Amino acid sequence: MKNSIQHIQAFLTVARTGSFTKAANELHLSPSALTVQVQQLEDWLGVALLDRSPRHVSITVAGQEARGPMEKLLLDLDNIVSGSRDLAALRRGVVTIAALPSVCAGSLPPVLRLFRERFAGIEVRLHDLVAHRIHAQVRSGEVDFGVGVRARLSHGLEFVPVLNDRLCAFVPVDHPLTRHRRLTLEQLADQPIILTGRDSSVREQVDALFDQTRLTMNAGMEANYMSTVLALVRQGLGISVLPESAADSLAGLKRMPIDHPGVNREIGLITRSGMGLSPAAQRCFDLLNEQLNVGGGLPPIAECQSHIS
């Protein structure tokens, strides 16, 4: 039945006021139009909802049974409308993002802080994942969008570049290599290298660097988390090649530039092709696109040489 909400409102108003005349005035309808709406609702349901007399209107047993569910239906509808308007106005909502661990530890938190300041009612859920899992979660809809690498981007996904990341060498502060201003891959190949797990995009890039230059990498220990890799480097168990933003603290470490063009990699925002974002997710996406493009580029190469002992 068309406009069934209006018909339900008509019945409930008559039931509340006990009068077709009062209900018609409240709804800004003529009494005859209101009567037609109630009759149409009764015809649709197949039961009489109201007993009518010239001086009195009462609710039938069927009307009493239907009244509660109808009131709940209108309340639920009002909540849906209010909730949708809240989302559209960005007063509340949830945004779920999958991002590389290096991005989660470096560029992403300051932008998320800014997002929280602007949209305090929106909850952000962050999944720190390796590259191929980011692609999988974006495609499946488990997350709204991802922040990852372009390399091997899967079909059905779109990539918006936002920043460049660079791999640097992390060495113990008292290591002989710290005498140099920058390092070559040949120098790195002579050292035991502590690697990230084989499913990480960093490991894939490091392996590719040595394969392309036909150098044999002296693989040392392996760990899943960059924080663990750096802890092993601090203990003098080897050196490592990681994104320059990998270390929260350079205590005991020196971060050194690598003299090779292949150490740069492009980081971007990843979405499903042809799929729109919710208002909250779109605003978060736009803010990341804006802020990372402004402040997320490569710093001067000299900055990679700083260390804190």
# chains A, B, ... in the order shown; residues from 1 in each chain; ligands from 1
$ select_by_dssp --residues "stretch 84-218 of chain A" --states "alpha helix (DSSP H)" --output "ChimeraX atom specification"
/A:84-88,101-105,108-118,131-140,185-189,201-212
$ write_last_selection --atoms "C-alpha atoms" --output "compact mmCIF listing (two decimals), in the first residue's frame"
# COMPACT_ATOMS: atom_id res chain seq x y z
CA SER A 84 21.22 8.60 9.00
CA ARG A 85 21.19 12.36 9.41
CA ASP A 86 23.77 12.09 12.18
CA LEU A 87 26.02 10.07 9.90
CA ALA A 88 25.56 12.51 7.06
CA PRO A 101 52.74 -1.14 10.38
CA SER A 102 55.36 1.43 9.35
CA VAL A 103 52.62 3.91 8.43
CA CYS A 104 50.73 3.17 11.66
CA ALA A 105 53.88 3.95 13.63
CA LEU A 108 49.19 8.05 10.33
CA PRO A 109 48.75 8.89 14.06
CA PRO A 110 49.16 12.69 13.72
CA VAL A 111 46.50 12.79 11.00
CA LEU A 112 44.15 10.60 13.05
CA ARG A 113 44.60 12.96 15.99
CA LEU A 114 43.55 15.84 13.75
CA PHE A 115 40.56 13.80 12.55
CA ARG A 116 39.52 13.11 16.16
CA GLU A 117 39.76 16.82 16.99
CA ARG A 118 37.47 17.69 14.09
CA ALA A 131 50.47 -5.31 2.29
CA HIS A 132 48.67 -8.32 0.82
CA ARG A 133 46.30 -8.54 3.80
CA ILE A 134 45.43 -4.86 3.35
CA HIS A 135 44.43 -5.60 -0.24
CA ALA A 136 42.33 -8.59 0.87
CA GLN A 137 40.48 -6.69 3.59
CA VAL A 138 39.71 -3.73 1.33
CA ARG A 139 38.35 -6.05 -1.36
CA SER A 140 36.20 -8.04 1.08
CA LEU A 185 74.15 -2.23 -1.15
CA GLU A 186 77.61 -3.78 -1.50
CA GLN A 187 78.46 -2.60 2.01
CA LEU A 188 75.20 -3.94 3.35
CA ALA A 189 75.76 -7.30 1.67
CA SER A 201 56.17 -5.55 1.82
CA VAL A 202 59.47 -4.35 3.34
CA ARG A 203 60.97 -7.83 3.10
CA GLU A 204 59.75 -8.12 -0.49
CA GLN A 205 61.42 -4.82 -1.41
CA VAL A 206 64.70 -5.71 0.33
CA ASP A 207 64.83 -9.09 -1.40
CA ALA A 208 64.15 -7.38 -4.74
CA LEU A 209 66.97 -4.85 -4.18
CA PHE A 210 69.56 -7.58 -3.76
CA ASP A 211 68.13 -9.74 -6.55
CA GLN A 212 68.18 -6.86 -9.03
$ residues_around --residues "stretch 219-232 of chain A" --least-positions-apart "3" --cutoff "12 Å" --atoms "only C-alpha atoms" --output "number ranges by chain"
A: 100-105, 128-130, 169-172, 188-203, 206-207, 210, 215-216, 235-255
$ closest_residue --among "A:Gly46, A:Met275, A:Asp174, A:Ala23" --to "A:Gly156" --atoms "only C-alpha atoms"
A:Met275
$ atom_distance --atom1 "atom CA of A:His28" --atom2 "atom CA of A:Leu41"
18.6 Å
